[in-house]
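Below: one structure, written as structure tokens.
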Amino acid sequence: ERKQERLAAIAASRLERMNDAKDKAEELAAENDALKEELEIHKEQVRDYEDVLKECARIKDSEGRGGLRWPRWMVLFVIEMLANGTAPSAIPENIRSAHWTLYGKAPTELPGVDFCRKCRTVMDRFNECMVGMLLARGKMKTCHTDGTNRRQTAFEAFVIGLEMENQDVLKNILVSSCIFMETEDADGCVDGLERKLEHIRHALKRVREVMSENGHSPDEYDVPKPEDIRMESLGENNGAIITDSCHHARKEQQVIEKKVGGTTHKIDCA
């Protein structure tokens, strides 16, 4: 009887250890599955980086003119770094460092500093397109201008506050931080603001035209129409005109109020 009890205790102990081992194996299997999923995610991320950096070499012009050009993805890559505040002179070396980190060797060729500087113009056009889409989709509620002059040249900043759908606060859009005016009088400055909006309408029009030329419907992708950008919507939405309190700024308020029509409120900010 004593022997049977001892064997039963041994069997129970072994069964407990076996169950513990089974639980541990299941836990390790679950961790292994999670690691596999994480590994696949990292592999996908590496493939994405490779798509951007593996072709860090100039591509021959397809028309056979002997020129060299960078592909579109490189332009977007440079624009992204410019938007993040990277100086054009630092971009080539940043690409070199990224290539070394991923591949352990330097790229065959890099975009030059001059190319990166020229991409700022592309980024400016890109910014006009995004501003145009926001202005066309939102409801114009405020118009804020502030200007000065240097060496007999007048220039102004132009900010529009939009009421966006499902948002409780206004979304301030910097239309331009520096609009050069042809004349320094109030009428000339307001004409400069309208001229900037016309540039943005043209940018939006070109987006729709290029999409149509490539077989894509702008309306299907919810690209707004240029004519949706109107200064008159400020008066239609009981908007506010915000300027400085000097005589020139107040005159500009009056000119804007007359042009937009409707009902507007004038606000002076010191």
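Naming works like this for the structure tokens: A, B, ... for the chains as they're shown, residue 1 at the start of each chain, ligands 1 onward in shown order.
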### Query
What's the 12 Å shell around range 240-254 of chain A, counting only C-alpha atoms, without same-chain residues fewer than 5 positions away, as JSON, numbers by chain?
{"A": [140, 141, 142, 143, 144, 145, 146, 147, 148, 154, 156, 157, 158, 159, 160, 161, 162, 184, 185, 186, 187, 188, 189, 190, 191, 192, 193, 231, 233, 234, 235, 259, 260, 261, 262, 263, 264, 265, 266, 267, 268, 269, 270]}
### Message
Write out as number ranges by chain the set of residues from range 9-209 of chain A that DSSP, computed on the backbone, places in strand (DSSP E).
### Response
A: 59-60, 68-69, 139-150, 153-163, 171-180
Could you write out the selected residues, including N, CA, C and O atoms, as a compact mmCIF listing (two decimals), in the first residue's frame?
# COMPACT_ATOMS: atom_id res chain seq x y z
N ILE A 59 19.03 57.91 -63.99
CA ILE A 59 18.37 57.11 -65.01
C ILE A 59 18.49 57.82 -66.35
O ILE A 59 18.29 59.03 -66.46
N LYS A 60 18.82 57.08 -67.39
CA LYS A 60 18.99 57.66 -68.72
C LYS A 60 17.66 58.20 -69.24
O LYS A 60 16.62 57.59 -69.05
N LEU A 68 20.33 63.31 -68.40
CA LEU A 68 20.09 62.45 -67.25
C LEU A 68 19.04 63.10 -66.37
O LEU A 68 19.01 64.32 -66.22
N ARG A 69 18.20 62.31 -65.78
CA ARG A 69 17.16 62.85 -64.92
C ARG A 69 16.90 61.89 -63.77
O ARG A 69 17.27 60.71 -63.83
N LYS A 139 -15.28 76.14 -45.37
CA LYS A 139 -16.14 77.32 -45.38
C LYS A 139 -15.32 78.48 -44.83
O LYS A 139 -14.89 78.48 -43.68
N MET A 140 -15.11 79.50 -45.68
CA MET A 140 -14.24 80.62 -45.31
C MET A 140 -14.92 81.46 -44.22
O MET A 140 -16.01 81.98 -44.40
N LYS A 141 -14.21 81.59 -43.06
CA LYS A 141 -14.78 82.33 -41.94
C LYS A 141 -13.94 83.55 -41.54
O LYS A 141 -14.49 84.52 -41.02
N THR A 142 -12.64 83.53 -41.74
CA THR A 142 -11.80 84.68 -41.41
C THR A 142 -10.79 84.92 -42.52
O THR A 142 -10.36 83.99 -43.20
N CYS A 143 -10.44 86.18 -42.68
CA CYS A 143 -9.41 86.58 -43.64
C CYS A 143 -8.46 87.51 -42.90
O CYS A 143 -8.86 88.60 -42.46
N HIS A 144 -7.22 87.08 -42.72
CA HIS A 144 -6.25 87.83 -41.93
C HIS A 144 -5.07 88.22 -42.82
O HIS A 144 -4.44 87.36 -43.42
N THR A 145 -4.81 89.53 -42.90
CA THR A 145 -3.65 89.99 -43.67
C THR A 145 -2.80 90.90 -42.80
O THR A 145 -3.30 91.59 -41.90
N ASP A 146 -1.51 90.87 -43.06
CA ASP A 146 -0.59 91.75 -42.35
C ASP A 146 0.59 92.01 -43.27
O ASP A 146 1.18 91.06 -43.81
N GLY A 147 0.91 93.26 -43.48
CA GLY A 147 1.96 93.58 -44.45
C GLY A 147 2.96 94.60 -43.95
O GLY A 147 2.77 95.22 -42.89
N THR A 148 4.00 94.77 -44.72
CA THR A 148 5.02 95.78 -44.45
C THR A 148 5.71 96.08 -45.77
O THR A 148 5.28 95.60 -46.83
N ASN A 149 6.76 96.87 -45.73
CA ASN A 149 7.51 97.12 -46.97
C ASN A 149 8.98 97.28 -46.64
O ASN A 149 9.36 97.72 -45.55
N ARG A 150 9.79 96.90 -47.60
CA ARG A 150 11.24 97.04 -47.50
C ARG A 150 11.76 97.55 -48.84
O ARG A 150 11.44 96.98 -49.89
N THR A 153 9.27 98.20 -51.54
CA THR A 153 8.57 97.01 -52.02
C THR A 153 7.60 96.53 -50.94
O THR A 153 8.03 96.20 -49.83
N ALA A 154 6.32 96.52 -51.26
CA ALA A 154 5.30 96.08 -50.29
C ALA A 154 5.06 94.58 -50.42
O ALA A 154 5.05 94.04 -51.52
N PHE A 155 4.88 93.91 -49.30
CA PHE A 155 4.52 92.49 -49.31
C PHE A 155 3.66 92.18 -48.09
O PHE A 155 3.74 92.86 -47.07
N GLU A 156 2.83 91.17 -48.23
CA GLU A 156 1.87 90.82 -47.18
C GLU A 156 1.80 89.32 -46.96
O GLU A 156 2.05 88.54 -47.88
N ALA A 157 1.43 88.96 -45.73
CA ALA A 157 1.08 87.57 -45.41
C ALA A 157 -0.44 87.45 -45.49
O ALA A 157 -1.18 88.40 -45.23
N PHE A 158 -0.89 86.26 -45.87
CA PHE A 158 -2.32 86.04 -46.12
C PHE A 158 -2.74 84.73 -45.46
O PHE A 158 -2.25 83.66 -45.83
N VAL A 159 -3.62 84.83 -44.46
CA VAL A 159 -4.09 83.64 -43.72
C VAL A 159 -5.61 83.60 -43.78
O VAL A 159 -6.27 84.62 -43.56
N ILE A 160 -6.15 82.43 -44.09
CA ILE A 160 -7.60 82.25 -44.15
C ILE A 160 -8.01 81.20 -43.12
O ILE A 160 -7.41 80.11 -43.05
N GLY A 161 -9.02 81.53 -42.32
CA GLY A 161 -9.56 80.58 -41.35
C GLY A 161 -10.76 79.85 -41.93
O GLY A 161 -11.71 80.49 -42.42
N LEU A 162 -10.72 78.53 -41.90
CA LEU A 162 -11.78 77.72 -42.50
C LEU A 162 -12.56 76.96 -41.44
O LEU A 162 -11.99 76.47 -40.46
N GLU A 163 -13.86 76.87 -41.66
CA GLU A 163 -14.70 76.01 -40.83
C GLU A 163 -14.83 74.68 -41.57
O GLU A 163 -15.46 74.60 -42.62
N LYS A 171 -9.74 76.09 -38.87
CA LYS A 171 -8.45 75.61 -39.38
C LYS A 171 -7.80 76.76 -40.14
O LYS A 171 -8.29 77.19 -41.18
N ASN A 172 -6.72 77.29 -39.60
CA ASN A 172 -6.04 78.41 -40.22
C ASN A 172 -5.09 77.92 -41.32
O ASN A 172 -4.24 77.07 -41.08
N ILE A 173 -5.28 78.45 -42.52
CA ILE A 173 -4.49 78.05 -43.68
C ILE A 173 -3.59 79.23 -44.08
O ILE A 173 -4.10 80.32 -44.39
N LEU A 174 -2.30 79.01 -44.07
CA LEU A 174 -1.37 80.04 -44.54
C LEU A 174 -1.34 79.99 -46.07
O LEU A 174 -0.67 79.16 -46.66
N VAL A 175 -2.09 80.89 -46.68
CA VAL A 175 -2.14 80.93 -48.14
C VAL A 175 -0.79 81.34 -48.69
O VAL A 175 -0.29 80.76 -49.66
N SER A 176 -0.17 82.34 -48.08
CA SER A 176 1.18 82.75 -48.46
C SER A 176 1.77 83.59 -47.34
O SER A 176 1.07 84.41 -46.73
N SER A 177 3.04 83.37 -47.07
CA SER A 177 3.73 84.16 -46.04
C SER A 177 4.31 85.44 -46.62
O SER A 177 4.74 86.32 -45.87
N CYS A 178 4.35 85.56 -47.95
CA CYS A 178 4.96 86.74 -48.57
C CYS A 178 4.42 86.92 -49.99
O CYS A 178 4.88 86.24 -50.90
N ILE A 179 3.45 87.82 -50.13
CA ILE A 179 2.91 88.16 -51.45
C ILE A 179 3.45 89.54 -51.82
O ILE A 179 3.15 90.53 -51.14
N PHE A 180 4.24 89.62 -52.87
CA PHE A 180 4.77 90.91 -53.31
C PHE A 180 3.68 91.67 -54.06
O PHE A 180 3.05 91.14 -54.98
### Message
Can you tell me which residues surround range 91-102 of chain A at a distance of at most 7 Å, considering only C-alpha atoms, apart from same-chain residues fewer than 3 positions away, and format the answer as a VMD selection string?
### Response
chain A and resid 53 86 to 88 105 to 107 110 to 113
Export N, CA, C and O atoms of the chosen residues as a short mmCIF file (atom, residue, chain, number, x, y, z; two decimals), in the first residue's frame?
data_model
loop_
_atom_site.label_atom_id
_atom_site.label_comp_id
_atom_site.auth_asym_id
_atom_site.auth_seq_id
_atom_site.Cartn_x
_atom_site.Cartn_y
_atom_site.Cartn_z
N LEU A 53 15.35 53.53 -52.03
CA LEU A 53 16.79 53.77 -52.06
C LEU A 53 17.61 52.85 -52.97
O LEU A 53 18.75 53.16 -53.28
N THR A 86 14.72 69.86 -43.64
CA THR A 86 16.10 69.54 -44.01
C THR A 86 16.61 70.55 -45.02
O THR A 86 15.95 70.84 -46.01
N ALA A 87 17.80 71.08 -44.79
CA ALA A 87 18.39 72.03 -45.73
C ALA A 87 18.78 71.31 -47.01
O ALA A 87 19.22 70.15 -46.97
N PRO A 88 18.63 71.95 -48.18
CA PRO A 88 18.99 71.29 -49.45
C PRO A 88 20.43 70.78 -49.47
O PRO A 88 20.70 69.71 -50.02
N LYS A 105 27.18 50.13 -48.05
CA LYS A 105 28.02 50.70 -49.09
C LYS A 105 27.39 52.00 -49.58
O LYS A 105 26.21 52.27 -49.35
N ALA A 106 28.19 52.81 -50.25
CA ALA A 106 27.71 54.09 -50.74
C ALA A 106 26.91 53.90 -52.03
O ALA A 106 27.16 52.96 -52.79
N PRO A 107 25.93 54.78 -52.31
CA PRO A 107 25.20 54.70 -53.58
C PRO A 107 26.11 55.09 -54.75
O PRO A 107 27.13 55.76 -54.58
N LEU A 110 24.32 60.41 -56.35
CA LEU A 110 23.36 61.09 -55.51
C LEU A 110 22.84 62.34 -56.21
O LEU A 110 23.53 62.91 -57.05
N PRO A 111 21.62 62.79 -55.86
CA PRO A 111 21.17 64.08 -56.40
C PRO A 111 22.05 65.19 -55.87
O PRO A 111 22.50 65.16 -54.72
N GLY A 112 22.31 66.17 -56.70
CA GLY A 112 23.15 67.28 -56.29
C GLY A 112 22.39 68.30 -55.45
O GLY A 112 21.16 68.30 -55.39
N VAL A 113 23.13 69.19 -54.82
CA VAL A 113 22.53 70.24 -54.00
C VAL A 113 21.66 71.15 -54.88
O VAL A 113 20.57 71.58 -54.46
#
### Query
When distances are computed from only C-alpha atoms, which of A:Glu232, A:Tyr103, A:Glu26, A:Arg206 shows the smallest separation from Val46 in chain A?
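Answer, going by the shortest atom-to-atom distance: A:Tyr103.
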### Query
Which residue out of A:Arg195, A:Lys43, A:Arg201, A:Arg2 has the minimum interatomic distance to Ala136 in chain A when only C-alpha atoms are used?
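That would be A:Arg201, the residue with the smallest distance to Ala136 in chain A.
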### A:Glu128, A:Asp228, A:Glu165, A:Glu236 ranked by distance to Ala203 in chain A, top pick (using only C-alpha atoms)
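Smallest distance to Ala203 in chain A is found for A:Glu128.
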### Query
What is the distance, in Å and to one decimal place, between CA of Val131 in chain A and CA of Thr183 in chain A?
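Separation of CA of Val131 in chain A and CA of Thr183 in chain A: 25.3 Å.
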### Task
Run DSSP on the backbone and give me the residues of range 26-243 of chain A it puts in alpha helix (DSSP H), as a VMD selection string.
chain A and resid 26 to 53 72 to 83 91 to 103 113 to 137 186 to 213 232 to 236
### Message
Would you pick out the contacts of range 212-224 of chain A at 8 Å or less, using only C-alpha atoms, so that residues sharing its chain but fewer than 2 positions from it are not included, and give the list as a list in words?
### Response
Met133, Ala136, Arg137, Leu204, Arg208, Glu209, Val210, Pro226 and Asp228 of chain A
### Task
State, in Å with one decimal place, the distance from CA of Cys119 in chain A to CA of Leu82 in chain A.
8.4 Å
Shell of 12 Å around Ala83 in chain A, only C-alpha atoms, local chain residues under 3 positions omitted, as a tab-separated table (two decimals) with C-alpha atoms, in the first residue's frame:
chain	number	residue	atom	x	y	z
A	76	LEU	CA	8.97	63.16	-53.81
A	77	PHE	CA	11.68	61.82	-51.48
A	78	VAL	CA	13.56	65.14	-51.62
A	79	ILE	CA	10.33	67.13	-51.15
A	80	GLU	CA	9.50	65.10	-48.05
A	86	THR	CA	16.10	69.54	-44.01
A	87	ALA	CA	18.39	72.03	-45.73
A	88	PRO	CA	18.99	71.29	-49.45
A	91	ILE	CA	19.85	66.10	-48.31
A	116	CYS	CA	17.50	69.66	-54.18
A	119	CYS	CA	12.82	70.86	-55.77
A	120	ARG	CA	11.76	73.75	-53.51
A	122	VAL	CA	8.16	71.86	-57.05
A	123	MET	CA	7.27	71.78	-53.35
A	124	ASP	CA	5.84	75.31	-53.61
A	126	PHE	CA	2.64	71.10	-54.48
A	127	ASN	CA	1.77	73.31	-51.50
